[in-house]
$ cat start37.cif   # mmCIF, C-alpha atoms and all ligand atoms; chains and numbers go by the auth columns
data_structure
#
loop_
_atom_site.group_PDB
_atom_site.id
_atom_site.type_symbol
_atom_site.label_atom_id
_atom_site.label_comp_id
_atom_site.label_asym_id
_atom_site.label_seq_id
_atom_site.Cartn_x
_atom_site.Cartn_y
_atom_site.Cartn_z
_atom_site.B_iso_or_equiv
_atom_site.auth_seq_id
_atom_site.auth_asym_id
ATOM 1 C CA MET A 1 -45.582 67.753 4.684 0.00 152 O
ATOM 2 C CA GLU A 2 -47.404 64.882 3.064 0.00 153 O
ATOM 3 C CA GLU A 3 -45.642 61.572 3.360 0.00 154 O
ATOM 4 C CA LYS A 4 -44.658 59.862 0.125 0.00 155 O
ATOM 5 C CA LYS A 5 -46.941 56.925 -0.479 0.00 156 O
ATOM 6 C CA TYR A 6 -45.588 53.414 -0.773 0.00 157 O
ATOM 7 C CA LYS A 7 -46.686 52.184 -4.196 0.00 158 O
ATOM 8 C CA ILE A 8 -47.502 48.513 -4.741 0.00 159 O
ATOM 9 C CA LEU A 9 -48.247 47.090 -8.201 0.00 160 O
ATOM 10 C CA MET A 10 -49.878 43.645 -8.409 0.00 161 O
ATOM 11 C CA VAL A 11 -49.052 41.918 -11.696 0.00 162 O
ATOM 12 C CA CYS A 12 -50.438 38.888 -13.546 0.00 163 O
ATOM 13 C CA LEU A 13 -50.850 38.000 -17.218 0.00 164 O
ATOM 14 C CA GLY A 14 -54.209 39.416 -18.238 0.00 165 O
ATOM 15 C CA ASN A 15 -54.917 41.834 -15.346 0.00 166 O
ATOM 16 C CA ILE A 16 -58.494 40.567 -15.243 0.00 167 O
ATOM 17 C CA CYS A 17 -58.336 37.712 -12.686 0.00 168 O
ATOM 18 C CA ARG A 18 -55.505 37.451 -10.159 0.00 169 O
ATOM 19 C CA SER A 19 -53.913 40.892 -9.988 0.00 170 O
ATOM 20 C CA PRO A 20 -57.113 42.974 -9.741 0.00 171 O
ATOM 21 C CA ALA A 21 -58.212 40.557 -6.994 0.00 172 O
ATOM 22 C CA ALA A 22 -54.837 41.013 -5.265 0.00 173 O
ATOM 23 C CA GLU A 23 -55.309 44.781 -5.538 0.00 174 O
ATOM 24 C CA GLY A 24 -58.779 44.531 -3.954 0.00 175 O
ATOM 25 C CA VAL A 25 -57.576 42.254 -1.157 0.00 176 O
ATOM 26 C CA MET A 26 -54.610 44.502 -0.322 0.00 177 O
ATOM 27 C CA GLN A 27 -56.703 47.673 -0.527 0.00 178 O
ATOM 28 C CA ARG A 28 -59.195 46.300 1.984 0.00 179 O
ATOM 29 C CA LEU A 29 -56.387 45.241 4.313 0.00 180 O
ATOM 30 C CA VAL A 30 -54.828 48.708 4.368 0.00 181 O
ATOM 31 C CA ASP A 31 -58.288 50.242 4.828 0.00 182 O
ATOM 32 C CA GLU A 32 -59.044 47.926 7.761 0.00 183 O
ATOM 33 C CA ARG A 33 -55.726 48.653 9.415 0.00 184 O
ATOM 34 C CA GLY A 34 -56.161 52.417 9.060 0.00 185 O
ATOM 35 C CA VAL A 35 -53.025 52.792 6.942 0.00 186 O
ATOM 36 C CA ALA A 36 -54.607 53.467 3.534 0.00 187 O
ATOM 37 C CA HIS A 37 -53.127 56.981 3.487 0.00 188 O
ATOM 38 C CA LEU A 38 -49.642 55.443 3.395 0.00 189 O
ATOM 39 C CA PHE A 39 -50.271 53.341 0.285 0.00 190 O
ATOM 40 C CA GLU A 40 -51.150 53.444 -3.353 0.00 191 O
ATOM 41 C CA ILE A 41 -52.182 50.052 -4.725 0.00 192 O
ATOM 42 C CA ASP A 42 -52.691 49.276 -8.388 0.00 193 O
ATOM 43 C CA SER A 43 -52.518 46.314 -10.756 0.00 194 O
ATOM 44 C CA ALA A 44 -51.438 45.608 -14.337 0.00 195 O
ATOM 45 C CA GLY A 45 -50.911 42.735 -16.756 0.00 196 O
ATOM 46 C CA THR A 46 -47.915 41.680 -18.804 0.00 197 O
ATOM 47 C CA TYR A 47 -50.326 40.989 -21.696 0.00 198 O
ATOM 48 C CA GLY A 48 -52.484 43.831 -22.975 0.00 199 O
ATOM 49 C CA GLY A 49 -55.243 41.884 -24.723 0.00 200 O
ATOM 50 C CA HIS A 50 -57.860 42.725 -22.110 0.00 201 O
ATOM 51 C CA SER A 51 -56.940 46.390 -21.673 0.00 202 O
ATOM 52 C CA GLY A 52 -59.848 48.555 -20.581 0.00 203 O
ATOM 53 C CA GLN A 53 -61.929 45.636 -19.342 0.00 204 O
ATOM 54 C CA LEU A 54 -63.336 45.155 -15.867 0.00 205 O
ATOM 55 C CA PRO A 55 -62.096 42.053 -14.047 0.00 206 O
ATOM 56 C CA ASP A 56 -63.422 38.740 -15.360 0.00 207 O
ATOM 57 C CA GLN A 57 -67.086 38.324 -14.425 0.00 208 O
ATOM 58 C CA ARG A 58 -66.318 35.090 -12.556 0.00 209 O
ATOM 59 C CA MET A 59 -63.648 36.740 -10.435 0.00 210 O
ATOM 60 C CA ARG A 60 -65.967 39.646 -9.688 0.00 211 O
ATOM 61 C CA VAL A 61 -68.684 37.242 -8.517 0.00 212 O
ATOM 62 C CA HIS A 62 -66.358 35.206 -6.301 0.00 213 O
ATOM 63 C CA ALA A 63 -64.713 38.328 -4.895 0.00 214 O
ATOM 64 C CA ARG A 64 -68.081 39.997 -4.213 0.00 215 O
ATOM 65 C CA ARG A 65 -69.094 37.026 -2.056 0.00 216 O
ATOM 66 C CA ARG A 66 -66.155 37.933 0.168 0.00 217 O
ATOM 67 C CA GLY A 67 -67.075 41.602 0.156 0.00 218 O
ATOM 68 C CA TYR A 68 -64.667 42.888 -2.507 0.00 219 O
ATOM 69 C CA GLU A 69 -66.003 45.122 -5.299 0.00 220 O
ATOM 70 C CA LEU A 70 -63.443 44.893 -8.093 0.00 221 O
ATOM 71 C CA THR A 71 -63.689 47.929 -10.373 0.00 222 O
ATOM 72 C CA HIS A 72 -60.164 48.102 -11.787 0.00 223 O
ATOM 73 C CA ARG A 73 -59.822 48.527 -15.554 0.00 224 O
ATOM 74 C CA ALA A 74 -57.194 46.247 -17.068 0.00 225 O
ATOM 75 C CA ARG A 75 -54.009 47.794 -18.369 0.00 226 O
ATOM 76 C CA ARG A 76 -50.684 46.567 -19.621 0.00 227 O
ATOM 77 C CA ILE A 77 -47.649 47.271 -17.461 0.00 228 O
ATOM 78 C CA THR A 78 -45.197 49.814 -18.857 0.00 229 O
ATOM 79 C CA GLY A 79 -41.504 50.493 -18.397 0.00 230 O
ATOM 80 C CA TYR A 80 -42.554 53.651 -16.532 0.00 231 O
ATOM 81 C CA ASP A 81 -44.339 51.498 -13.930 0.00 232 O
ATOM 82 C CA MET A 82 -41.100 49.648 -13.213 0.00 233 O
ATOM 83 C CA GLY A 83 -39.555 52.938 -12.140 0.00 234 O
ATOM 84 C CA ASP A 84 -42.608 54.435 -10.515 0.00 235 O
ATOM 85 C CA PHE A 85 -43.698 51.664 -8.113 0.00 236 O
ATOM 86 C CA ASP A 86 -41.809 50.704 -4.957 0.00 237 O
ATOM 87 C CA MET A 87 -42.813 47.042 -5.057 0.00 238 O
ATOM 88 C CA ILE A 88 -43.947 44.946 -8.018 0.00 239 O
ATOM 89 C CA VAL A 89 -45.662 41.697 -7.063 0.00 240 O
ATOM 90 C CA ALA A 90 -45.671 38.781 -9.535 0.00 241 O
ATOM 91 C CA MET A 91 -48.352 36.094 -9.271 0.00 242 O
ATOM 92 C CA ASP A 92 -46.252 33.338 -10.892 0.00 243 O
ATOM 93 C CA ASP A 93 -42.856 32.567 -12.426 0.00 244 O
ATOM 94 C CA ALA A 94 -43.892 33.540 -15.954 0.00 245 O
ATOM 95 C CA ASN A 95 -45.006 36.969 -14.699 0.00 246 O
ATOM 96 C CA ARG A 96 -41.682 37.356 -12.919 0.00 247 O
ATOM 97 C CA ALA A 97 -39.701 36.459 -16.043 0.00 248 O
ATOM 98 C CA ASP A 98 -41.664 39.034 -18.076 0.00 249 O
ATOM 99 C CA LEU A 99 -41.085 41.678 -15.398 0.00 250 O
ATOM 100 C CA VAL A 100 -37.351 40.994 -15.265 0.00 251 O
ATOM 101 C CA ARG A 101 -37.236 41.533 -19.040 0.00 252 O
ATOM 102 C CA LEU A 102 -39.048 44.835 -18.650 0.00 253 O
ATOM 103 C CA ALA A 103 -36.791 46.117 -15.875 0.00 254 O
ATOM 104 C CA ARG A 104 -34.183 48.631 -17.040 0.00 255 O
ATOM 105 C CA THR A 105 -31.916 48.664 -13.983 0.00 256 O
ATOM 106 C CA PRO A 106 -30.832 46.285 -11.189 0.00 257 O
ATOM 107 C CA GLU A 107 -32.842 48.482 -8.785 0.00 258 O
ATOM 108 C CA GLU A 108 -35.977 47.791 -10.793 0.00 259 O
ATOM 109 C CA VAL A 109 -35.300 44.032 -10.751 0.00 260 O
ATOM 110 C CA GLN A 110 -34.999 44.237 -6.970 0.00 261 O
ATOM 111 C CA LYS A 111 -38.496 45.651 -6.697 0.00 262 O
ATOM 112 C CA ILE A 112 -39.988 42.416 -8.037 0.00 263 O
ATOM 113 C CA VAL A 113 -41.299 40.016 -5.398 0.00 264 O
ATOM 114 C CA MET A 114 -43.151 36.708 -5.705 0.00 265 O
ATOM 115 C CA ILE A 115 -46.557 36.531 -4.058 0.00 266 O
ATOM 116 C CA GLY A 116 -45.856 32.854 -3.446 0.00 267 O
ATOM 117 C CA ASP A 117 -43.119 33.720 -0.963 0.00 268 O
ATOM 118 C CA TYR A 118 -45.861 35.034 1.339 0.00 269 O
ATOM 119 C CA ILE A 119 -48.255 32.075 1.151 0.00 270 O
ATOM 120 C CA THR A 120 -48.260 30.377 4.561 0.00 271 O
ATOM 121 C CA GLN A 121 -51.486 28.380 4.742 0.00 272 O
ATOM 122 C CA ASN A 122 -51.315 26.150 1.677 0.00 273 O
ATOM 123 C CA PRO A 123 -48.174 24.008 1.359 0.00 274 O
ATOM 124 C CA HIS A 124 -49.054 22.992 -2.213 0.00 275 O
ATOM 125 C CA TYR A 125 -48.637 26.449 -3.753 0.00 276 O
ATOM 126 C CA ASP A 126 -45.714 28.812 -4.054 0.00 277 O
ATOM 127 C CA TYR A 127 -47.531 30.885 -6.691 0.00 278 O
ATOM 128 C CA VAL A 128 -51.113 31.887 -7.475 0.00 279 O
ATOM 129 C CA PRO A 129 -52.327 29.670 -10.326 0.00 280 O
ATOM 130 C CA ASP A 130 -54.178 31.252 -13.206 0.00 281 O
ATOM 131 C CA PRO A 131 -57.910 30.556 -12.756 0.00 282 O
ATOM 132 C CA TYR A 132 -58.869 31.760 -16.252 0.00 283 O
ATOM 133 C CA TYR A 133 -59.333 28.261 -17.699 0.00 284 O
ATOM 134 C CA GLU A 134 -60.558 26.753 -14.424 0.00 285 O
ATOM 135 C CA GLY A 135 -63.916 26.390 -12.718 0.00 286 O
ATOM 136 C CA SER A 136 -65.171 27.978 -9.523 0.00 287 O
ATOM 137 C CA GLU A 137 -62.567 26.175 -7.404 0.00 288 O
ATOM 138 C CA GLY A 138 -59.797 27.996 -9.282 0.00 289 O
ATOM 139 C CA PHE A 139 -61.223 31.387 -8.392 0.00 290 O
ATOM 140 C CA GLU A 140 -61.788 30.398 -4.776 0.00 291 O
ATOM 141 C CA LEU A 141 -58.247 29.035 -4.554 0.00 292 O
ATOM 142 C CA ALA A 142 -56.789 32.233 -6.004 0.00 293 O
ATOM 143 C CA LEU A 143 -58.707 34.326 -3.446 0.00 294 O
ATOM 144 C CA ASP A 144 -57.714 32.031 -0.555 0.00 295 O
ATOM 145 C CA LEU A 145 -54.038 32.259 -1.520 0.00 296 O
ATOM 146 C CA LEU A 146 -54.217 36.030 -2.020 0.00 297 O
ATOM 147 C CA GLU A 147 -55.952 36.678 1.308 0.00 298 O
ATOM 148 C CA ASP A 148 -53.250 34.705 3.088 0.00 299 O
ATOM 149 C CA ALA A 149 -50.295 36.169 1.201 0.00 300 O
ATOM 150 C CA CYS A 150 -51.424 39.807 1.336 0.00 301 O
ATOM 151 C CA VAL A 151 -51.604 39.729 5.146 0.00 302 O
ATOM 152 C CA GLN A 152 -48.020 38.488 5.342 0.00 303 O
ATOM 153 C CA LEU A 153 -46.834 40.893 2.661 0.00 304 O
ATOM 154 C CA LEU A 154 -48.459 43.907 4.339 0.00 305 O
ATOM 155 C CA ASN A 155 -46.991 42.911 7.719 0.00 306 O
ATOM 156 C CA GLU A 156 -43.539 42.821 6.169 0.00 307 O
ATOM 157 C CA ILE A 157 -43.940 46.163 4.399 0.00 308 O
ATOM 158 C CA LEU A 158 -45.289 47.890 7.526 0.00 309 O
ATOM 159 C CA ALA A 159 -42.412 46.521 9.594 0.00 310 O
ATOM 160 C CA LYS A 160 -39.954 47.834 6.993 0.00 311 O
ATOM 161 C CA LEU A 161 -41.597 51.263 6.854 0.00 312 O
ATOM 162 C CA MET A 162 -41.589 51.539 10.662 0.00 313 O
ATOM 163 C CA GLU A 163 -37.926 50.585 10.742 0.00 314 O
ATOM 164 C CA GLN A 164 -37.128 53.282 8.172 0.00 315 O
ATOM 165 C CA ASN A 165 -38.955 55.885 10.269 0.00 316 O
ATOM 166 C CA ASN A 166 -37.006 55.027 13.442 0.00 317 O
HETATM 167 P P1 LIG B . -54.974 36.639 -15.115 0.00 401 W
HETATM 168 O O1 LIG B . -55.764 35.526 -15.961 0.00 401 W
HETATM 169 O O2 LIG B . -53.558 36.643 -15.628 0.00 401 W
HETATM 170 O O3 LIG B . -55.070 36.161 -13.710 0.00 401 W
HETATM 171 O O4 LIG B . -55.711 37.943 -15.368 0.00 401 W
HETATM 172 C C1 LIG B . -55.751 35.483 -17.356 0.00 401 W
HETATM 173 C C2 LIG B . -56.634 36.254 -18.064 0.00 401 W
HETATM 174 C C3 LIG B . -56.625 36.204 -19.455 0.00 401 W
HETATM 175 C C4 LIG B . -55.739 35.383 -20.107 0.00 401 W
HETATM 176 C C5 LIG B . -54.854 34.621 -19.404 0.00 401 W
HETATM 177 C C6 LIG B . -54.849 34.692 -18.019 0.00 401 W
HETATM 178 N N1 LIG B . -55.750 35.305 -21.524 0.00 401 W
HETATM 179 O O5 LIG B . -54.923 34.573 -22.083 0.00 401 W
HETATM 180 O O6 LIG B . -56.565 35.970 -22.163 0.00 401 W
#

$ encode --input "start37.cif" --output "structure tokens"
Amino acid sequence: MEEKKYKILMVCLGNICRSPAAEGVMQRLVDERGVAHLFEIDSAGTYGGHSGQLPDQRMRVHARRRGYELTHRARRITGYDMGDFDMIVAMDDANRADLVRLARTPEEVQKIVMIGDYITQNPHYDYVPDPYYEGSEGFELALDLLEDACVQLLNEILAKLMEQNN
């Protein structure tokens, strides 16, 4: 019998900078660890103004330098997503507030986690700041924070899944 996949949705505002990068970072991590078959990883935005677009050109360039090809097409999160995904990861407090509004049950609210809770290497950030109006440093910072946080987040999820299977 095929195991049910653990579904992770990365969420930011526009779904063209932070969350598609988070999706790419997490996808590579699960690929590298040989656990990709256990996961489905996607991303969405709370704002739909960029729907259908590839990630921002600047984010694609910075990500490509680290070996990530970001090919996600932006989409706006739906109420269905709140039920469908197992974990919904907000990049900042505003994203979280929007997600809480979208949630229809206490169980759905409980699925929402803050990426900032998994940042260990930069004491100045407990969220991933929006690089959209920033220069190159903003995109590099977002990728640094995401690479750190996704390792910690995946470790926690894998530990939880192993516990459930024992
Ligand atoms: P993201 O960045 O939320 O990381 O995708 C943004 C992209 C677009 C806009 C804001 C943030 N915007 O206002 O169009």

$ residues_around --input "start37.cif" --residues "segment 213-229 of chain O" --least-positions-apart "3" --cutoff "7 Å" --atoms "all atoms listed in the file" --output "ChimeraX atom specification"
/O:166-167,171-172,175,195-199,201-206,209-210,232-233,290-291

$ atom_distance --input "start37.cif" --atom1 "atom CA of Leu294 of chain O" --atom2 "atom CA of Glu183 of chain O"
17.6 Å

$ atom_distance --input "start37.cif" --atom1 "atom CA of Lys311 of chain O" --atom2 "atom CA of Tyr157 of chain O"
11.1 Å

$ atom_distance --input "start37.cif" --atom1 "atom CA of Leu253 of chain O" --atom2 "atom CA of Gln315 of chain O"
28.2 Å

$ closest_residue --input "start37.cif" --among "O:Ala254, O:Ile263, O:Leu180, O:Ala293" --to "ligand LIG 401 (chain W)" --atoms "all atoms listed in the file"
O:Ala293

$ axis_aligned_box --input "start37.cif" --around "ligand LIG 401 (chain W)" --padding-each-side "6 Å" --output "AutoDock Vina command-line options"
--center_x -55.1 --center_y 36.3 --center_z -17.9 --size_x 15.1 --size_y 15.4 --size_z 20.5
